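This report concerns only the one structure given below.
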Amino acid sequence: MFTSTRSFQALIFATGAFALFPDCTNGPLKNETICNPSASPFGRAKSLVALYTLEEKINATASGSPGVARLGIPPYRWWNEGLHGIAGPYTNFSAEGEYSYSTSFPQPILMGAAFDDELITQVATVISTEARAFNNANRTGLDFWTPNINPFRDPRWGRGQETPGEDTYHLSSYVQALIHGLQGNATDPYKRVVATCKHFAGYDIESWNGNLRYQNDVHITQQELVEYYLAPFQACVEANVGALMCRKVSSTYNALNGVPICADPYLLQTVLREHCGWTNEEQWITSDCDSIQNVYLPHQWSSTREGAAADSLIAGTDLDCGTYMQEHLPGAFQQGLVDEAVLDQALTRQYSSLVRLGWFDSVDSQPYRQLGWDAVATNVSQALARRAATEGIVLLKNDGTFPLSLESSASLGLFGDWANATSQLLGNYAGVPTYKHSPLYAAQQLNVTINYAGGKPGGQGDPTTNRWLPIAPAIAASDVLMYIGGIDNSVEEEGRDRGYLTWTGAQLDVIGQLAQTGKPTIVVVTGGGQIDSSPLSNNPNISAILWVGYPGQDGGVAIMDIITGKAAPAGRLPQTQYPSNYVAQVPMKDMGLRPAEHNPGHTYKWYNGTAVYEFGHGMHYTNFSAEITTKFNQEYAISDLVSGCNSSGGFLERYPFVTVDVCVTNEGKVTSDYVTLAYMAGTFGPAPHPKKSLVSYQRLFNITGGSSDIATLNLTLASLVRVDKMGNKVLYPGHYRLMIDNQPLTSVNFTLTGTKAVLDMWPQPPANRKGQGVEGFEDYFVAGYGSLQETFDV
């Protein structure tokens, strides 16, 4: 690295200015094509890269790019976070005053439970607006490594809280709404920010039984890779996402040894760019942090450090979260392992993206460059954070106690370590919120007496009973008892999986003491991954149960809004709640979805046991009925359905099938939202058959008692296809059933006739995909007991 460049970088980063802009008016580049706003983004970026020396190009591969001082290119930090609000590690919040906070929304697992895509777009628009305001103050970048769109396959996964849930249709719809809010319209002259879909692909283990995310080698069949693990990323492609992140883990198909994804040209080039059509010159791939190093050790795909850097770059990884490319590409070039044209292509993608963000253009021509502190944490964004939490909260049980009517003479007892939760409300990847309103804070705003028991017992196995002393007086003094707790980031987060799905004995002990009083007893369940609440749901003395996830800065107020009836619950569980013995039935490393000898099946589609609460479960303060008013044919000929299709864009299966109108009627008296969930079931395609598959949803708002509203559900051929063992998407003849809601409330049957039609022929992985190995490390990196898996044939 040039000394001048290093000094320039140190000076800029020392001042906390992470987002300076090149000077295209008076700087060294003012007469170059990169500064010509009428040129294409690709042409502008290519002209800039051509000015770099090889050393400067290599330095630009790091996520903390040092810039090029002699050309007036400032340092740029590609890594920024915005999962549910702008966050660290590289967003610079001031200690007080302006830019000391921003809006912190609920974790995606709770926002996903709202099943409200328009809400997600509004939330993402606020995040991108606030990101632009911080960027204009040189406090954050323009590229955000969000969303996490890996399906929440196993409830033990510590990072499941970062995702919208377990169902791929739901994730796909959610992420398209999110990207629209983050990036803006595709036709806009400038992007708001660039979103990054992560982690591509097949990642949902942190640290289970000796299987570490840095060295994990998962086995996925081609069939389940396409239908489940890659499906949300195809939705990202369709939404024109600006970047993707390849993950640390490896994936193996066809019973071959694992291939690190960041060095896998089959996934990054053949599948993602060529087959899925993610070919825009401004779209780039970043490694996850230190994934390039992992290509060498522990994965041993490349036998040298230089080979790992070269193999990753050639495979299609354009940016390194870390410094491994920066350190080892010089040696790779000296050894002739990579051509400079490959490096130029990677950098051109990155700088084309910055061109689309307006990084090189005049501030006067860009509306986003005008945003300042007054656009952050507005009254509208604060209200939206509260609404997002309220919409997602799920009512699991209610004996009629809710909505709770609290007279001024009533007293409310609050117990559990979340009763006065502040930081716990936020979950991981959180920024600095405007405020943190706990349940205790919200309860104190009510006109009732509050008896707070000091947050005891501790949430995760704190059995020190001498700390429970405030419980008895609070119980005796209260008319209504409320326990708020479950799990939090002390047991589930990045790098930390759970080995259990149970409440702790201490928690159940205290909840049991509350319930045996005969007073109305409420349990508010917290955390992202589901825990088995059957002891609570089966206890007739427990009046009501709410699941609230990580509800964000106004989470306590949202909880009280639901409990008191200020808002009516309409959220639906975005994940199956399994019985506690599930952890003994299937290793977490078993990525198979379908039931097998040592696997009862993953997700609501395939699980062959009895769930404690199903995916999509959610009660209301009223009752609803539904009727499908669209007239279906008894039979549809497959040849007719596909005759008008074309293959443009690579999304043949998304061709329209039928628009379904569902009339939803509120049979009770309480005004309420209603989430219309549409499932497809039937014995078509290869066995085994999923029990049902979500194919559409729509949230209806404020349906008053006795009135009706219409949900309009757009079904496509993707609603009907199955994936065969080769990964091909196929339309099969057979009997189909469209069902509304879990029970269901209403359904319609129809048949597809004729010969099956392949709508998407999936490219197959090459044969003999095997790593080179590293001498001296044979059989060194091994997983823990119970981690062995069979391999799969296509």
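Letters A, B, ... go to the chains of the structure tokens in the order shown; residues in each chain start at 1; ligands are counted from 1 in the same order.
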Exercise for the section: Name the residues of stretch 205-378 of chain A that come out as strand (DSSP E) in a backbone DSSP run; write them as a PyMOL selection string. Expected result: chain A and resi 207-208+211-212+217-219+243-246+250-252+259-260+284-287
Would you write out those residues with N, CA and C atoms, as a tab-separated table (two decimals), in the first residue's frame?
chain	number	residue	atom	x	y	z
A	207	SER	N	-22.89	-22.89	16.22
A	207	SER	CA	-21.92	-23.62	17.06
A	207	SER	C	-22.56	-24.85	17.69
A	208	TRP	N	-23.20	-25.67	16.88
A	208	TRP	CA	-23.89	-26.84	17.42
A	208	TRP	C	-22.95	-28.03	17.51
A	211	ASN	N	-19.80	-28.27	15.58
A	211	ASN	CA	-19.93	-27.79	14.21
A	211	ASN	C	-19.92	-26.26	14.24
A	212	LEU	N	-18.82	-25.67	13.84
A	212	LEU	CA	-18.68	-24.23	13.87
A	212	LEU	C	-18.96	-23.66	12.49
A	217	ASP	N	-19.42	-28.11	7.13
A	217	ASP	CA	-19.60	-28.63	5.77
A	217	ASP	C	-20.96	-29.31	5.72
A	218	VAL	N	-21.96	-28.61	5.18
A	218	VAL	CA	-23.32	-29.13	5.20
A	218	VAL	C	-23.62	-29.90	3.93
A	219	HIS	N	-24.55	-30.82	4.05
A	219	HIS	CA	-24.95	-31.66	2.92
A	219	HIS	C	-26.40	-31.36	2.57
A	243	ALA	N	-26.33	-6.32	-4.04
A	243	ALA	CA	-25.19	-7.13	-3.61
A	243	ALA	C	-25.68	-8.39	-2.90
A	244	LEU	N	-24.83	-9.40	-2.92
A	244	LEU	CA	-25.06	-10.61	-2.14
A	244	LEU	C	-23.79	-10.95	-1.38
A	245	MET	N	-23.96	-11.67	-0.28
A	245	MET	CA	-22.84	-12.11	0.53
A	245	MET	C	-22.74	-13.63	0.47
A	246	CYS	N	-21.55	-14.13	0.12
A	246	CYS	CA	-21.32	-15.57	0.19
A	246	CYS	C	-20.82	-15.92	1.58
A	250	SER	N	-19.52	-24.47	3.69
A	250	SER	CA	-19.51	-25.14	2.40
A	250	SER	C	-20.82	-25.86	2.21
A	251	SER	N	-21.13	-26.18	0.97
A	251	SER	CA	-22.28	-27.01	0.68
A	251	SER	C	-21.85	-28.12	-0.26
A	252	THR	N	-22.35	-29.30	-0.05
A	252	THR	CA	-22.02	-30.39	-0.96
A	252	THR	C	-23.29	-30.91	-1.59
A	259	VAL	N	-17.62	-27.66	-1.05
A	259	VAL	CA	-17.00	-26.56	-1.80
A	259	VAL	C	-17.32	-25.27	-1.07
A	260	PRO	N	-16.31	-24.52	-0.63
A	260	PRO	CA	-16.59	-23.23	0.01
A	260	PRO	C	-17.34	-22.31	-0.97
A	284	TRP	N	-22.65	-6.87	-7.18
A	284	TRP	CA	-21.39	-7.45	-6.74
A	284	TRP	C	-21.61	-8.40	-5.56
A	285	ILE	N	-20.62	-9.24	-5.34
A	285	ILE	CA	-20.66	-10.23	-4.27
A	285	ILE	C	-19.54	-9.94	-3.28
A	286	THR	N	-19.89	-9.88	-2.00
A	286	THR	CA	-18.89	-9.78	-0.95
A	286	THR	C	-18.79	-11.10	-0.21
A	287	SER	N	-17.61	-11.39	0.26
A	287	SER	CA	-17.47	-12.53	1.17
A	287	SER	C	-18.01	-12.13	2.52
With a cut-off of 10 Å, could you pull out the residues of stretch 601-649 of chain A touching stretch 707-730 of chain A and give me the nearest pair of atoms for each, distance in Å to one decimal, using only C-alpha atoms, ordered by chain and ascending number, as a tab-separated table?
residue	atom	partner	partner_atom	distance
A:Phe624	CA	A:Ser708	CA	9.3
A:Ser625	CA	A:Ser708	CA	9.3
A:Ala626	CA	A:Ser708	CA	9.1
A:Glu627	CA	A:Ile710	CA	9.6
A:Ile628	CA	A:Ala711	CA	9.5
A:Thr629	CA	A:Ile710	CA	9.4
A:Thr630	CA	A:Thr712	CA	9.9
A:Leu641	CA	A:Leu717	CA	8.1
A:Val642	CA	A:Leu717	CA	8.6
A:Cys645	CA	A:Leu717	CA	9.9
Save the residues we just selected, N, CA, C and O atoms, as a PDB file, in the first residue's frame?
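File produced: again18.pdb:
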ATOM      1  N   PHE A 624     -63.484 -14.929  12.819  1.00  0.00           N
ATOM      2  CA  PHE A 624     -63.589 -14.613  11.399  1.00  0.00           C
ATOM      3  C   PHE A 624     -64.083 -15.828  10.621  1.00  0.00           C
ATOM      4  O   PHE A 624     -63.808 -16.974  10.979  1.00  0.00           O
ATOM      5  N   SER A 625     -64.792 -15.550   9.550  1.00  0.00           N
ATOM      6  CA  SER A 625     -65.141 -16.568   8.565  1.00  0.00           C
ATOM      7  C   SER A 625     -64.627 -16.098   7.213  1.00  0.00           C
ATOM      8  O   SER A 625     -64.307 -14.917   7.027  1.00  0.00           O
ATOM      9  N   ALA A 626     -64.513 -17.023   6.272  1.00  0.00           N
ATOM     10  CA  ALA A 626     -63.976 -16.654   4.955  1.00  0.00           C
ATOM     11  C   ALA A 626     -64.675 -17.462   3.872  1.00  0.00           C
ATOM     12  O   ALA A 626     -65.121 -18.595   4.094  1.00  0.00           O
ATOM     13  N   GLU A 627     -64.741 -16.868   2.690  1.00  0.00           N
ATOM     14  CA  GLU A 627     -65.331 -17.543   1.531  1.00  0.00           C
ATOM     15  C   GLU A 627     -64.533 -17.175   0.284  1.00  0.00           C
ATOM     16  O   GLU A 627     -64.267 -15.995   0.036  1.00  0.00           O
ATOM     17  N   ILE A 628     -64.125 -18.181  -0.478  1.00  0.00           N
ATOM     18  CA  ILE A 628     -63.477 -17.936  -1.766  1.00  0.00           C
ATOM     19  C   ILE A 628     -64.571 -17.620  -2.777  1.00  0.00           C
ATOM     20  O   ILE A 628     -65.417 -18.461  -3.080  1.00  0.00           O
ATOM     21  N   THR A 629     -64.570 -16.400  -3.293  1.00  0.00           N
ATOM     22  CA  THR A 629     -65.634 -15.977  -4.202  1.00  0.00           C
ATOM     23  C   THR A 629     -65.243 -16.148  -5.670  1.00  0.00           C
ATOM     24  O   THR A 629     -66.101 -16.067  -6.545  1.00  0.00           O
ATOM     25  N   THR A 630     -63.973 -16.359  -5.954  1.00  0.00           N
ATOM     26  CA  THR A 630     -63.532 -16.586  -7.331  1.00  0.00           C
ATOM     27  C   THR A 630     -63.966 -17.976  -7.788  1.00  0.00           C
ATOM     28  O   THR A 630     -63.836 -18.954  -7.049  1.00  0.00           O
ATOM     29  N   LEU A 641     -51.969 -23.702 -19.591  1.00  0.00           N
ATOM     30  CA  LEU A 641     -51.352 -22.839 -18.586  1.00  0.00           C
ATOM     31  C   LEU A 641     -49.992 -22.327 -19.033  1.00  0.00           C
ATOM     32  O   LEU A 641     -49.613 -21.194 -18.720  1.00  0.00           O
ATOM     33  N   VAL A 642     -49.251 -23.163 -19.748  1.00  0.00           N
ATOM     34  CA  VAL A 642     -47.887 -22.775 -20.114  1.00  0.00           C
ATOM     35  C   VAL A 642     -47.788 -22.189 -21.514  1.00  0.00           C
ATOM     36  O   VAL A 642     -46.716 -21.720 -21.909  1.00  0.00           O
ATOM     37  N   CYS A 645     -46.493 -18.620 -21.746  1.00  0.00           N
ATOM     38  CA  CYS A 645     -45.293 -18.289 -20.985  1.00  0.00           C
ATOM     39  C   CYS A 645     -44.119 -17.979 -21.906  1.00  0.00           C
ATOM     40  O   CYS A 645     -44.040 -18.469 -23.022  1.00  0.00           O
TER      41      CYS A 645
END
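Those residues of stretch 514-562 of chain A that DSSP, working from the backbone, places in helix (DSSP H, G or I) are Leu514, Ala515, Ser534, Pro535, Leu536, Ser537, Gly555, Gly556, Val557, Ala558, Ile559, Met560, Asp561 and Ile562 of chain A.
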Problem - Test item: residues at most 6 Å from stretch 350-365 of chain A, only C-alpha atoms, excluding those fewer than 6 positions along its chain, as a list in words - result: Pro22, Pro41, Phe42, Ala45, Tyr190, Lys191 and Glu282 of chain A
What would the file look like if the residues just selected were written as a CSV table (one decimal), in the first residue's frame with N, CA and C atoms?
chain,number,residue,atom,x,y,z
A,22,PRO,N,-15.7,11.7,-3.4
A,22,PRO,CA,-14.7,12.3,-4.4
A,22,PRO,C,-15.1,13.7,-4.9
A,41,PRO,N,-23.0,4.1,-16.0
A,41,PRO,CA,-22.3,3.7,-14.7
A,41,PRO,C,-21.2,2.7,-15.0
A,42,PHE,N,-21.4,1.8,-16.0
A,42,PHE,CA,-20.3,0.9,-16.3
A,42,PHE,C,-19.1,1.6,-17.0
A,45,ALA,N,-17.3,3.6,-14.3
A,45,ALA,CA,-16.5,2.8,-13.4
A,45,ALA,C,-15.3,2.2,-14.1
A,190,TYR,N,-31.0,7.6,-8.9
A,190,TYR,CA,-30.1,7.2,-7.8
A,190,TYR,C,-30.7,6.2,-6.9
A,191,LYS,N,-29.9,5.2,-6.5
A,191,LYS,CA,-30.4,4.3,-5.4
A,191,LYS,C,-30.3,5.0,-4.1
A,282,GLU,N,-23.6,-3.5,-12.1
A,282,GLU,CA,-23.4,-2.8,-10.8
A,282,GLU,C,-23.7,-3.8,-9.6
Practice task
Just the residues within 12 Å of A:Pro688, please, counting only C-alpha atoms, with nothing from its chain fewer than 3 positions along; format it as a ChimeraX atom specification.
Solution key: /A:593-596,601,605-608,682-685,691-692,722-725
Handout entry: Within 12 Å of A:Thr125 using only C-alpha atoms, minus same-chain residues under 6 positions, as a list in words
Key = Gly82, His84, Gly85, Ile86, Thr103, Glu118, Leu119, Ala131, Arg132, Ala177, Leu178, Ile179, His180, Gly181, Leu182, Gln183, Gly184, Asn185, Lys191, Arg192, Val193, Ala195, Ala375, Val376, Val380, Ser381 and Leu384 of chain A
Practice task
Might you pull out every residue within 8 Å of A:Trp418, with only C-alpha atoms counted and same-chain residues fewer than 4 positions away left off, and present them as a list in words?
Solution key: Gln424, Pro439, Gly455, Ile484, Gly485 and Thr526 of chain A
Handout entry: Shell of 12 Å around A:Ile292, only C-alpha atoms, local chain residues under 4 positions omitted, as a ChimeraX atom specification
Key = /A:61-62,214,245-249,260-264,286-288,296-302,304-313,315-329
